[in-house]
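File shown here: model_23.cif, holding mmCIF, N, CA and C atoms.
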```cif
data_work
#
loop_
_atom_site.label_atom_id
_atom_site.label_comp_id
_atom_site.auth_asym_id
_atom_site.auth_seq_id
_atom_site.Cartn_x
_atom_site.Cartn_y
_atom_site.Cartn_z
N MET A 26 160.91 -80.85 -49.74
CA MET A 26 160.09 -81.71 -50.58
C MET A 26 160.14 -83.13 -50.02
N PRO A 27 159.00 -83.76 -49.81
CA PRO A 27 159.00 -85.14 -49.32
C PRO A 27 159.60 -86.09 -50.36
N VAL A 28 160.21 -87.15 -49.86
CA VAL A 28 160.83 -88.15 -50.73
C VAL A 28 160.20 -89.51 -50.46
N ILE A 29 159.72 -90.13 -51.54
CA ILE A 29 159.17 -91.47 -51.48
C ILE A 29 160.25 -92.45 -51.91
N GLY A 30 160.51 -93.44 -51.10
CA GLY A 30 161.41 -94.52 -51.49
C GLY A 30 160.60 -95.62 -52.15
N TYR A 31 160.98 -96.01 -53.35
CA TYR A 31 160.24 -97.02 -54.11
C TYR A 31 161.16 -98.22 -54.26
N LEU A 32 160.87 -99.29 -53.55
CA LEU A 32 161.68 -100.50 -53.53
C LEU A 32 161.01 -101.56 -54.39
N CYS A 33 161.67 -101.96 -55.46
CA CYS A 33 161.03 -102.87 -56.41
C CYS A 33 161.90 -104.10 -56.66
N PRO A 34 161.28 -105.28 -56.73
CA PRO A 34 162.06 -106.51 -56.92
C PRO A 34 162.52 -106.74 -58.35
N GLU A 35 161.93 -106.05 -59.30
CA GLU A 35 162.24 -106.29 -60.71
C GLU A 35 162.85 -105.05 -61.34
N SER A 36 162.67 -104.89 -62.64
CA SER A 36 163.21 -103.76 -63.39
C SER A 36 162.10 -102.78 -63.74
N PRO A 37 162.45 -101.55 -64.09
CA PRO A 37 161.42 -100.58 -64.48
C PRO A 37 160.58 -101.07 -65.66
N GLU A 38 161.17 -101.80 -66.57
CA GLU A 38 160.44 -102.29 -67.73
C GLU A 38 159.31 -103.25 -67.33
N LEU A 39 159.58 -104.12 -66.39
CA LEU A 39 158.57 -105.08 -65.97
C LEU A 39 157.47 -104.45 -65.11
N PHE A 40 157.76 -103.32 -64.50
CA PHE A 40 156.81 -102.67 -63.62
C PHE A 40 156.23 -101.39 -64.24
N GLY A 41 156.34 -101.25 -65.56
CA GLY A 41 155.89 -100.04 -66.24
C GLY A 41 154.46 -99.66 -65.94
N SER A 42 153.55 -100.63 -66.04
CA SER A 42 152.13 -100.31 -65.80
C SER A 42 151.89 -99.96 -64.34
N ARG A 43 152.62 -100.60 -63.43
CA ARG A 43 152.48 -100.25 -62.01
C ARG A 43 153.00 -98.85 -61.74
N LEU A 44 154.11 -98.51 -62.38
CA LEU A 44 154.66 -97.16 -62.20
C LEU A 44 153.69 -96.11 -62.70
N GLU A 45 153.10 -96.36 -63.84
CA GLU A 45 152.13 -95.43 -64.40
C GLU A 45 150.95 -95.25 -63.44
N ALA A 46 150.43 -96.35 -62.93
CA ALA A 46 149.30 -96.29 -61.99
C ALA A 46 149.71 -95.59 -60.69
N PHE A 47 150.92 -95.85 -60.24
CA PHE A 47 151.42 -95.22 -59.01
C PHE A 47 151.51 -93.71 -59.19
N ARG A 48 152.11 -93.28 -60.29
CA ARG A 48 152.24 -91.85 -60.54
C ARG A 48 150.87 -91.19 -60.73
N GLN A 49 149.95 -91.89 -61.37
CA GLN A 49 148.60 -91.36 -61.55
C GLN A 49 147.91 -91.20 -60.19
N GLY A 50 148.06 -92.20 -59.33
CA GLY A 50 147.47 -92.09 -58.00
C GLY A 50 148.06 -90.96 -57.19
N LEU A 51 149.37 -90.77 -57.30
CA LEU A 51 149.99 -89.64 -56.61
C LEU A 51 149.44 -88.32 -57.13
N GLU A 52 149.32 -88.22 -58.44
CA GLU A 52 148.82 -86.98 -59.04
C GLU A 52 147.39 -86.71 -58.60
N GLU A 53 146.57 -87.75 -58.53
CA GLU A 53 145.18 -87.57 -58.08
C GLU A 53 145.13 -87.09 -56.63
N ALA A 54 146.17 -87.43 -55.87
CA ALA A 54 146.26 -86.98 -54.48
C ALA A 54 146.96 -85.63 -54.35
N GLY A 55 147.35 -85.05 -55.49
CA GLY A 55 147.96 -83.73 -55.47
C GLY A 55 149.48 -83.73 -55.47
N PHE A 56 150.11 -84.87 -55.71
CA PHE A 56 151.57 -84.96 -55.72
C PHE A 56 152.07 -85.22 -57.13
N VAL A 57 152.98 -84.36 -57.59
CA VAL A 57 153.56 -84.51 -58.92
C VAL A 57 155.07 -84.65 -58.77
N GLU A 58 155.58 -85.76 -59.29
CA GLU A 58 157.01 -86.04 -59.19
C GLU A 58 157.81 -84.87 -59.79
N GLY A 59 158.78 -84.41 -59.02
CA GLY A 59 159.63 -83.32 -59.47
C GLY A 59 159.09 -81.94 -59.13
N ARG A 60 157.81 -81.86 -58.84
CA ARG A 60 157.21 -80.57 -58.49
C ARG A 60 157.05 -80.43 -56.98
N ASN A 61 156.38 -81.42 -56.36
CA ASN A 61 156.17 -81.32 -54.92
C ASN A 61 156.43 -82.64 -54.19
N VAL A 62 157.03 -83.59 -54.90
CA VAL A 62 157.45 -84.84 -54.29
C VAL A 62 158.58 -85.42 -55.15
N ALA A 63 159.52 -86.07 -54.49
CA ALA A 63 160.61 -86.77 -55.20
C ALA A 63 160.43 -88.26 -54.96
N ILE A 64 160.89 -89.05 -55.91
CA ILE A 64 160.83 -90.50 -55.77
C ILE A 64 162.23 -91.06 -55.95
N ASP A 65 162.69 -91.81 -54.97
CA ASP A 65 164.00 -92.46 -55.00
C ASP A 65 163.75 -93.93 -55.32
N PHE A 66 164.05 -94.33 -56.55
CA PHE A 66 163.81 -95.70 -57.00
C PHE A 66 165.01 -96.59 -56.70
N GLN A 67 164.71 -97.78 -56.19
CA GLN A 67 165.72 -98.82 -56.00
C GLN A 67 165.18 -100.09 -56.67
N TRP A 68 165.91 -100.59 -57.66
CA TRP A 68 165.48 -101.74 -58.46
C TRP A 68 166.38 -102.93 -58.19
N ALA A 69 165.81 -104.07 -57.85
CA ALA A 69 166.58 -105.29 -57.61
C ALA A 69 166.84 -106.07 -58.90
N ASN A 70 166.12 -105.73 -59.97
CA ASN A 70 166.30 -106.39 -61.27
C ASN A 70 166.26 -107.91 -61.18
N GLY A 71 165.31 -108.41 -60.41
CA GLY A 71 165.12 -109.85 -60.27
C GLY A 71 166.05 -110.53 -59.28
N GLN A 72 166.94 -109.79 -58.68
CA GLN A 72 167.88 -110.35 -57.70
C GLN A 72 167.34 -110.07 -56.29
N TYR A 73 166.44 -110.93 -55.88
CA TYR A 73 165.73 -110.71 -54.62
C TYR A 73 166.67 -110.64 -53.42
N SER A 74 167.82 -111.25 -53.50
CA SER A 74 168.78 -111.20 -52.39
C SER A 74 169.29 -109.78 -52.16
N ARG A 75 169.13 -108.90 -53.14
CA ARG A 75 169.57 -107.50 -53.01
C ARG A 75 168.56 -106.63 -52.26
N LEU A 76 167.34 -107.12 -52.10
CA LEU A 76 166.28 -106.28 -51.51
C LEU A 76 166.64 -105.72 -50.13
N PRO A 77 167.17 -106.52 -49.19
CA PRO A 77 167.50 -105.93 -47.88
C PRO A 77 168.49 -104.77 -47.96
N ALA A 78 169.52 -104.90 -48.80
CA ALA A 78 170.51 -103.82 -48.92
C ALA A 78 169.89 -102.59 -49.58
N LEU A 79 169.04 -102.79 -50.57
CA LEU A 79 168.38 -101.66 -51.23
C LEU A 79 167.42 -100.96 -50.27
N ALA A 80 166.72 -101.73 -49.45
CA ALA A 80 165.83 -101.15 -48.44
C ALA A 80 166.63 -100.34 -47.43
N ALA A 81 167.77 -100.87 -47.01
CA ALA A 81 168.63 -100.16 -46.06
C ALA A 81 169.14 -98.85 -46.67
N GLU A 82 169.43 -98.85 -47.98
CA GLU A 82 169.86 -97.63 -48.66
C GLU A 82 168.78 -96.56 -48.59
N LEU A 83 167.54 -96.96 -48.80
CA LEU A 83 166.44 -96.00 -48.73
C LEU A 83 166.33 -95.41 -47.33
N VAL A 84 166.46 -96.25 -46.33
CA VAL A 84 166.38 -95.76 -44.95
C VAL A 84 167.54 -94.81 -44.67
N ALA A 85 168.74 -95.16 -45.14
CA ALA A 85 169.91 -94.31 -44.94
C ALA A 85 169.75 -92.96 -45.63
N ARG A 86 169.00 -92.94 -46.72
CA ARG A 86 168.76 -91.69 -47.45
C ARG A 86 167.64 -90.88 -46.81
N ASN A 87 167.08 -91.40 -45.75
CA ASN A 87 166.07 -90.71 -44.96
C ASN A 87 164.81 -90.37 -45.76
N VAL A 88 164.34 -91.34 -46.55
CA VAL A 88 163.09 -91.12 -47.27
C VAL A 88 161.95 -90.98 -46.27
N ASP A 89 160.88 -90.37 -46.70
CA ASP A 89 159.74 -90.14 -45.81
C ASP A 89 158.81 -91.33 -45.70
N VAL A 90 158.76 -92.12 -46.76
CA VAL A 90 157.90 -93.30 -46.79
C VAL A 90 158.54 -94.29 -47.77
N ILE A 91 158.30 -95.57 -47.56
CA ILE A 91 158.79 -96.60 -48.47
C ILE A 91 157.59 -97.29 -49.11
N VAL A 92 157.58 -97.33 -50.42
CA VAL A 92 156.57 -98.07 -51.18
C VAL A 92 157.22 -99.37 -51.60
N ALA A 93 156.55 -100.48 -51.33
CA ALA A 93 157.13 -101.80 -51.57
C ALA A 93 156.17 -102.66 -52.39
N PRO A 94 156.12 -102.45 -53.71
CA PRO A 94 155.25 -103.27 -54.55
C PRO A 94 155.91 -104.61 -54.83
N GLY A 95 155.15 -105.60 -55.17
CA GLY A 95 155.76 -106.85 -55.61
C GLY A 95 155.66 -107.98 -54.62
N GLY A 96 154.89 -107.83 -53.58
CA GLY A 96 154.65 -108.96 -52.70
C GLY A 96 155.47 -109.00 -51.42
N ALA A 97 155.37 -110.14 -50.76
CA ALA A 97 155.95 -110.32 -49.43
C ALA A 97 157.46 -110.11 -49.38
N PRO A 98 158.25 -110.61 -50.33
CA PRO A 98 159.71 -110.43 -50.21
C PRO A 98 160.12 -108.96 -50.10
N VAL A 99 159.45 -108.10 -50.84
CA VAL A 99 159.79 -106.68 -50.82
C VAL A 99 159.34 -106.05 -49.51
N ALA A 100 158.12 -106.37 -49.10
CA ALA A 100 157.61 -105.83 -47.84
C ALA A 100 158.46 -106.29 -46.66
N LEU A 101 158.87 -107.54 -46.67
CA LEU A 101 159.71 -108.04 -45.58
C LEU A 101 161.09 -107.39 -45.57
N ALA A 102 161.63 -107.11 -46.75
CA ALA A 102 162.92 -106.42 -46.81
C ALA A 102 162.81 -105.03 -46.21
N ALA A 103 161.73 -104.32 -46.55
CA ALA A 103 161.52 -102.99 -46.00
C ALA A 103 161.32 -103.06 -44.49
N LYS A 104 160.53 -104.01 -44.05
CA LYS A 104 160.26 -104.17 -42.62
C LYS A 104 161.54 -104.55 -41.88
N GLY A 105 162.39 -105.34 -42.53
CA GLY A 105 163.62 -105.82 -41.91
C GLY A 105 164.64 -104.74 -41.60
N THR A 106 164.43 -103.53 -42.12
CA THR A 106 165.36 -102.45 -41.83
C THR A 106 165.20 -101.94 -40.41
N GLY A 107 164.07 -102.26 -39.79
CA GLY A 107 163.81 -101.79 -38.43
C GLY A 107 163.30 -100.35 -38.40
N THR A 108 163.06 -99.77 -39.55
CA THR A 108 162.59 -98.39 -39.58
C THR A 108 161.16 -98.30 -39.06
N THR A 109 160.84 -97.15 -38.55
CA THR A 109 159.46 -96.90 -38.13
C THR A 109 158.70 -96.16 -39.21
N LYS A 110 159.35 -95.95 -40.35
CA LYS A 110 158.68 -95.29 -41.47
C LYS A 110 157.58 -96.19 -42.01
N LEU A 111 156.54 -95.57 -42.47
CA LEU A 111 155.43 -96.30 -43.04
C LEU A 111 155.86 -97.01 -44.31
N THR A 112 155.49 -98.25 -44.44
CA THR A 112 155.75 -99.00 -45.67
C THR A 112 154.41 -99.29 -46.32
N ILE A 113 154.31 -98.93 -47.58
CA ILE A 113 153.08 -99.14 -48.34
C ILE A 113 153.34 -100.20 -49.39
N THR A 114 152.49 -101.19 -49.43
CA THR A 114 152.59 -102.18 -50.50
C THR A 114 151.41 -101.97 -51.42
N HIS A 115 151.61 -102.22 -52.69
CA HIS A 115 150.50 -102.09 -53.62
C HIS A 115 150.63 -103.11 -54.73
N ASN A 116 149.51 -103.52 -55.24
CA ASN A 116 149.45 -104.44 -56.37
C ASN A 116 148.44 -103.88 -57.35
N PHE A 117 148.92 -103.45 -58.50
CA PHE A 117 148.04 -102.90 -59.55
C PHE A 117 147.93 -103.89 -60.65
#
```
What is this file in structure tokens?
Amino acid sequence: MPVIGYLCPESPELFGSRLEAFRQGLEEAGFVEGRNVAIDFQWANGQYSRLPALAAELVARNVDVIVAPGGAPVALAAKGTGTTKLTITHNF
């Protein structure tokens, strides 16, 4: 089962609508969490200095792709891991 790494600068509560839209988009593409795709969430809870370590954790867990919502700091943290995995940023 493919694993999506979801790197977020805030908490699940603040990103609720984005999570809903993300899951809906996955479902429209034929992916249902727990059925044919897993999502590994990493939340910085507003502590942006934690983003590089959280991104490195996702890479160490060998996720298939990293989703980095929330702007440049998150995307740069994912990019800073040196991984060749695709990083997707989104703003809903």
- Where does the PyMOL selection byres ((chain A and resi 64) around 6) land in this file, that is, which residues does it pick, as a list of chain:residue names?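 This file gives the following for the PyMOL selection byres ((chain A and resi 64) around 6): A:Val28, A:Ile29, A:Gly30, A:Tyr31, A:Glu58, A:Gly59, A:Val62, A:Ala63, A:Asp65, A:Phe66.
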Based on the selection just made, write N, CA and C atoms of those residues as a compact mmCIF listing (two decimals), in the frame of the given file.
```
# COMPACT_ATOMS: atom_id res chain seq x y z
N VAL A 28 160.21 -87.15 -49.86
CA VAL A 28 160.83 -88.15 -50.73
C VAL A 28 160.20 -89.51 -50.46
N ILE A 29 159.72 -90.13 -51.54
CA ILE A 29 159.17 -91.47 -51.48
C ILE A 29 160.25 -92.45 -51.91
N GLY A 30 160.51 -93.44 -51.10
CA GLY A 30 161.41 -94.52 -51.49
C GLY A 30 160.60 -95.62 -52.15
N TYR A 31 160.98 -96.01 -53.35
CA TYR A 31 160.24 -97.02 -54.11
C TYR A 31 161.16 -98.22 -54.26
N GLU A 58 155.58 -85.76 -59.29
CA GLU A 58 157.01 -86.04 -59.19
C GLU A 58 157.81 -84.87 -59.79
N GLY A 59 158.78 -84.41 -59.02
CA GLY A 59 159.63 -83.32 -59.47
C GLY A 59 159.09 -81.94 -59.13
N VAL A 62 157.03 -83.59 -54.90
CA VAL A 62 157.45 -84.84 -54.29
C VAL A 62 158.58 -85.42 -55.15
N ALA A 63 159.52 -86.07 -54.49
CA ALA A 63 160.61 -86.77 -55.20
C ALA A 63 160.43 -88.26 -54.96
N ASP A 65 162.69 -91.81 -54.97
CA ASP A 65 164.00 -92.46 -55.00
C ASP A 65 163.75 -93.93 -55.32
N PHE A 66 164.05 -94.33 -56.55
CA PHE A 66 163.81 -95.70 -57.00
C PHE A 66 165.01 -96.59 -56.70
```
- Task: Any chance you could resolve the PyMOL selection byres ((chain A and resi 68) around 7) against this file and give the residues as a VMD selection string?
- Result: chain A and resid 31 to 37 66 to 67 69 to 72 79
What would the selection look like, as a compact mmCIF listing (two decimals) with N, CA and C atoms, in the coordinates of the input, if the PyMOL selection byres (((chain A and resi 47 and name CA) around 12) and name CA) were run on the coordinates I just shared?
```
# COMPACT_ATOMS: atom_id res chain seq x y z
N ILE A 29 159.72 -90.13 -51.54
CA ILE A 29 159.17 -91.47 -51.48
C ILE A 29 160.25 -92.45 -51.91
N TYR A 31 160.98 -96.01 -53.35
CA TYR A 31 160.24 -97.02 -54.11
C TYR A 31 161.16 -98.22 -54.26
N PHE A 40 157.76 -103.32 -64.50
CA PHE A 40 156.81 -102.67 -63.62
C PHE A 40 156.23 -101.39 -64.24
N GLY A 41 156.34 -101.25 -65.56
CA GLY A 41 155.89 -100.04 -66.24
C GLY A 41 154.46 -99.66 -65.94
N SER A 42 153.55 -100.63 -66.04
CA SER A 42 152.13 -100.31 -65.80
C SER A 42 151.89 -99.96 -64.34
N ARG A 43 152.62 -100.60 -63.43
CA ARG A 43 152.48 -100.25 -62.01
C ARG A 43 153.00 -98.85 -61.74
N LEU A 44 154.11 -98.51 -62.38
CA LEU A 44 154.66 -97.16 -62.20
C LEU A 44 153.69 -96.11 -62.70
N GLU A 45 153.10 -96.36 -63.84
CA GLU A 45 152.13 -95.43 -64.40
C GLU A 45 150.95 -95.25 -63.44
N ALA A 46 150.43 -96.35 -62.93
CA ALA A 46 149.30 -96.29 -61.99
C ALA A 46 149.71 -95.59 -60.69
N ARG A 48 152.11 -93.28 -60.29
CA ARG A 48 152.24 -91.85 -60.54
C ARG A 48 150.87 -91.19 -60.73
N GLN A 49 149.95 -91.89 -61.37
CA GLN A 49 148.60 -91.36 -61.55
C GLN A 49 147.91 -91.20 -60.19
N GLY A 50 148.06 -92.20 -59.33
CA GLY A 50 147.47 -92.09 -58.00
C GLY A 50 148.06 -90.96 -57.19
N LEU A 51 149.37 -90.77 -57.30
CA LEU A 51 149.99 -89.64 -56.61
C LEU A 51 149.44 -88.32 -57.13
N GLU A 52 149.32 -88.22 -58.44
CA GLU A 52 148.82 -86.98 -59.04
C GLU A 52 147.39 -86.71 -58.60
N GLU A 53 146.57 -87.75 -58.53
CA GLU A 53 145.18 -87.57 -58.08
C GLU A 53 145.13 -87.09 -56.63
N ALA A 54 146.17 -87.43 -55.87
CA ALA A 54 146.26 -86.98 -54.48
C ALA A 54 146.96 -85.63 -54.35
N PHE A 56 150.11 -84.87 -55.71
CA PHE A 56 151.57 -84.96 -55.72
C PHE A 56 152.07 -85.22 -57.13
N VAL A 57 152.98 -84.36 -57.59
CA VAL A 57 153.56 -84.51 -58.92
C VAL A 57 155.07 -84.65 -58.77
N GLU A 58 155.58 -85.76 -59.29
CA GLU A 58 157.01 -86.04 -59.19
C GLU A 58 157.81 -84.87 -59.79
N ILE A 64 160.89 -89.05 -55.91
CA ILE A 64 160.83 -90.50 -55.77
C ILE A 64 162.23 -91.06 -55.95
N VAL A 92 157.58 -97.33 -50.42
CA VAL A 92 156.57 -98.07 -51.18
C VAL A 92 157.22 -99.37 -51.60
N ALA A 93 156.55 -100.48 -51.33
CA ALA A 93 157.13 -101.80 -51.57
C ALA A 93 156.17 -102.66 -52.39
N PRO A 94 156.12 -102.45 -53.71
CA PRO A 94 155.25 -103.27 -54.55
C PRO A 94 155.91 -104.61 -54.83
N ILE A 113 154.31 -98.93 -47.58
CA ILE A 113 153.08 -99.14 -48.34
C ILE A 113 153.34 -100.20 -49.39
N THR A 114 152.49 -101.19 -49.43
CA THR A 114 152.59 -102.18 -50.50
C THR A 114 151.41 -101.97 -51.42
N HIS A 115 151.61 -102.22 -52.69
CA HIS A 115 150.50 -102.09 -53.62
C HIS A 115 150.63 -103.11 -54.73
N ASN A 116 149.51 -103.52 -55.24
CA ASN A 116 149.45 -104.44 -56.37
C ASN A 116 148.44 -103.88 -57.35
N PHE A 117 148.92 -103.45 -58.50
CA PHE A 117 148.04 -102.90 -59.55
C PHE A 117 147.93 -103.89 -60.65
```
Please report, as AutoDock Vina command-line options, the centre and edge lengths in Å to one decimal of an axis-aligned box covering all listed atoms of range 81-90 of chain A with 5 Å per side.
```
--center_x 163.9 --center_y -95.5 --center_z -46.7 --size_x 22.0 --size_y 20.7 --size_z 14.1
```
- Task: Check chain A with DSSP on the backbone and list each residue it calls alpha helix (DSSP H), as a PyMOL selection string.
- Result: chain A and resi 41-53+76-85+97-104
- Item | Exercise: Ala102 in chain A partners within 6.5 Å, only N, CA and C atoms, chain neighbours under 5 positions left out, as a list in words |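 With the cut-off at 6.5 Å, the set is Leu76, Pro77, Ala80 and Ala97 of chain A.
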My structure is short of atoms at range 68-88 of chain A; please model N, CA, C and O atoms there, returning them as a PDB file, in the coordinates of the input.
```pdb
ATOM      1  N   TRP A  68     165.910-100.590 -57.660  1.00  0.00           N
ATOM      2  CA  TRP A  68     165.480-101.740 -58.460  1.00  0.00           C
ATOM      3  C   TRP A  68     166.380-102.930 -58.190  1.00  0.00           C
ATOM      4  O   TRP A  68     167.609-102.827 -58.329  1.00  0.00           O
ATOM      5  N   ALA A  69     165.810-104.070 -57.850  1.00  0.00           N
ATOM      6  CA  ALA A  69     166.580-105.290 -57.610  1.00  0.00           C
ATOM      7  C   ALA A  69     166.840-106.070 -58.900  1.00  0.00           C
ATOM      8  O   ALA A  69     167.666-106.969 -58.919  1.00  0.00           O
ATOM      9  N   ASN A  70     166.120-105.730 -59.970  1.00  0.00           N
ATOM     10  CA  ASN A  70     166.300-106.390 -61.270  1.00  0.00           C
ATOM     11  C   ASN A  70     166.260-107.910 -61.180  1.00  0.00           C
ATOM     12  O   ASN A  70     167.077-108.604 -61.785  1.00  0.00           O
ATOM     13  N   GLY A  71     165.310-108.410 -60.410  1.00  0.00           N
ATOM     14  CA  GLY A  71     165.120-109.850 -60.270  1.00  0.00           C
ATOM     15  C   GLY A  71     166.050-110.530 -59.280  1.00  0.00           C
ATOM     16  O   GLY A  71     165.934-111.727 -59.061  1.00  0.00           O
ATOM     17  N   GLN A  72     166.940-109.790 -58.680  1.00  0.00           N
ATOM     18  CA  GLN A  72     167.880-110.350 -57.700  1.00  0.00           C
ATOM     19  C   GLN A  72     167.340-110.070 -56.290  1.00  0.00           C
ATOM     20  O   GLN A  72     167.745-109.124 -55.625  1.00  0.00           O
ATOM     21  N   TYR A  73     166.440-110.930 -55.880  1.00  0.00           N
ATOM     22  CA  TYR A  73     165.730-110.710 -54.620  1.00  0.00           C
ATOM     23  C   TYR A  73     166.670-110.640 -53.420  1.00  0.00           C
ATOM     24  O   TYR A  73     166.343-109.999 -52.414  1.00  0.00           O
ATOM     25  N   SER A  74     167.820-111.250 -53.500  1.00  0.00           N
ATOM     26  CA  SER A  74     168.780-111.200 -52.390  1.00  0.00           C
ATOM     27  C   SER A  74     169.290-109.780 -52.160  1.00  0.00           C
ATOM     28  O   SER A  74     169.805-109.476 -51.079  1.00  0.00           O
ATOM     29  N   ARG A  75     169.130-108.900 -53.140  1.00  0.00           N
ATOM     30  CA  ARG A  75     169.570-107.500 -53.010  1.00  0.00           C
ATOM     31  C   ARG A  75     168.560-106.630 -52.260  1.00  0.00           C
ATOM     32  O   ARG A  75     168.890-105.512 -51.856  1.00  0.00           O
ATOM     33  N   LEU A  76     167.340-107.120 -52.100  1.00  0.00           N
ATOM     34  CA  LEU A  76     166.280-106.280 -51.510  1.00  0.00           C
ATOM     35  C   LEU A  76     166.640-105.720 -50.130  1.00  0.00           C
ATOM     36  O   LEU A  76     166.414-104.525 -49.894  1.00  0.00           O
ATOM     37  N   PRO A  77     167.170-106.520 -49.190  1.00  0.00           N
ATOM     38  CA  PRO A  77     167.500-105.930 -47.880  1.00  0.00           C
ATOM     39  C   PRO A  77     168.490-104.770 -47.960  1.00  0.00           C
ATOM     40  O   PRO A  77     168.323-103.752 -47.287  1.00  0.00           O
ATOM     41  N   ALA A  78     169.520-104.900 -48.800  1.00  0.00           N
ATOM     42  CA  ALA A  78     170.510-103.820 -48.920  1.00  0.00           C
ATOM     43  C   ALA A  78     169.890-102.590 -49.580  1.00  0.00           C
ATOM     44  O   ALA A  78     170.175-101.452 -49.169  1.00  0.00           O
ATOM     45  N   LEU A  79     169.040-102.790 -50.570  1.00  0.00           N
ATOM     46  CA  LEU A  79     168.380-101.660 -51.230  1.00  0.00           C
ATOM     47  C   LEU A  79     167.420-100.960 -50.270  1.00  0.00           C
ATOM     48  O   LEU A  79     167.335 -99.726 -50.256  1.00  0.00           O
ATOM     49  N   ALA A  80     166.720-101.730 -49.450  1.00  0.00           N
ATOM     50  CA  ALA A  80     165.830-101.150 -48.440  1.00  0.00           C
ATOM     51  C   ALA A  80     166.630-100.340 -47.430  1.00  0.00           C
ATOM     52  O   ALA A  80     166.245 -99.227 -47.050  1.00  0.00           O
ATOM     53  N   ALA A  81     167.770-100.870 -47.010  1.00  0.00           N
ATOM     54  CA  ALA A  81     168.630-100.160 -46.060  1.00  0.00           C
ATOM     55  C   ALA A  81     169.140 -98.850 -46.670  1.00  0.00           C
ATOM     56  O   ALA A  81     169.264 -97.845 -45.959  1.00  0.00           O
ATOM     57  N   GLU A  82     169.430 -98.850 -47.980  1.00  0.00           N
ATOM     58  CA  GLU A  82     169.860 -97.630 -48.660  1.00  0.00           C
ATOM     59  C   GLU A  82     168.780 -96.560 -48.590  1.00  0.00           C
ATOM     60  O   GLU A  82     169.075 -95.388 -48.342  1.00  0.00           O
ATOM     61  N   LEU A  83     167.540 -96.960 -48.800  1.00  0.00           N
ATOM     62  CA  LEU A  83     166.440 -96.000 -48.730  1.00  0.00           C
ATOM     63  C   LEU A  83     166.330 -95.410 -47.330  1.00  0.00           C
ATOM     64  O   LEU A  83     166.141 -94.198 -47.172  1.00  0.00           O
ATOM     65  N   VAL A  84     166.460 -96.250 -46.330  1.00  0.00           N
ATOM     66  CA  VAL A  84     166.380 -95.760 -44.950  1.00  0.00           C
ATOM     67  C   VAL A  84     167.540 -94.810 -44.670  1.00  0.00           C
ATOM     68  O   VAL A  84     167.366 -93.748 -44.063  1.00  0.00           O
ATOM     69  N   ALA A  85     168.740 -95.160 -45.140  1.00  0.00           N
ATOM     70  CA  ALA A  85     169.910 -94.310 -44.940  1.00  0.00           C
ATOM     71  C   ALA A  85     169.750 -92.960 -45.630  1.00  0.00           C
ATOM     72  O   ALA A  85     170.291 -91.953 -45.173  1.00  0.00           O
ATOM     73  N   ARG A  86     169.000 -92.940 -46.720  1.00  0.00           N
ATOM     74  CA  ARG A  86     168.760 -91.690 -47.450  1.00  0.00           C
ATOM     75  C   ARG A  86     167.640 -90.880 -46.810  1.00  0.00           C
ATOM     76  O   ARG A  86     167.277 -89.817 -47.307  1.00  0.00           O
ATOM     77  N   ASN A  87     167.080 -91.400 -45.750  1.00  0.00           N
ATOM     78  CA  ASN A  87     166.070 -90.710 -44.960  1.00  0.00           C
ATOM     79  C   ASN A  87     164.810 -90.370 -45.760  1.00  0.00           C
ATOM     80  O   ASN A  87     164.267 -89.270 -45.657  1.00  0.00           O
ATOM     81  N   VAL A  88     164.340 -91.340 -46.550  1.00  0.00           N
ATOM     82  CA  VAL A  88     163.090 -91.120 -47.270  1.00  0.00           C
ATOM     83  C   VAL A  88     161.950 -90.980 -46.270  1.00  0.00           C
ATOM     84  O   VAL A  88     162.049 -91.441 -45.132  1.00  0.00           O
TER      85      VAL A  88
END
```
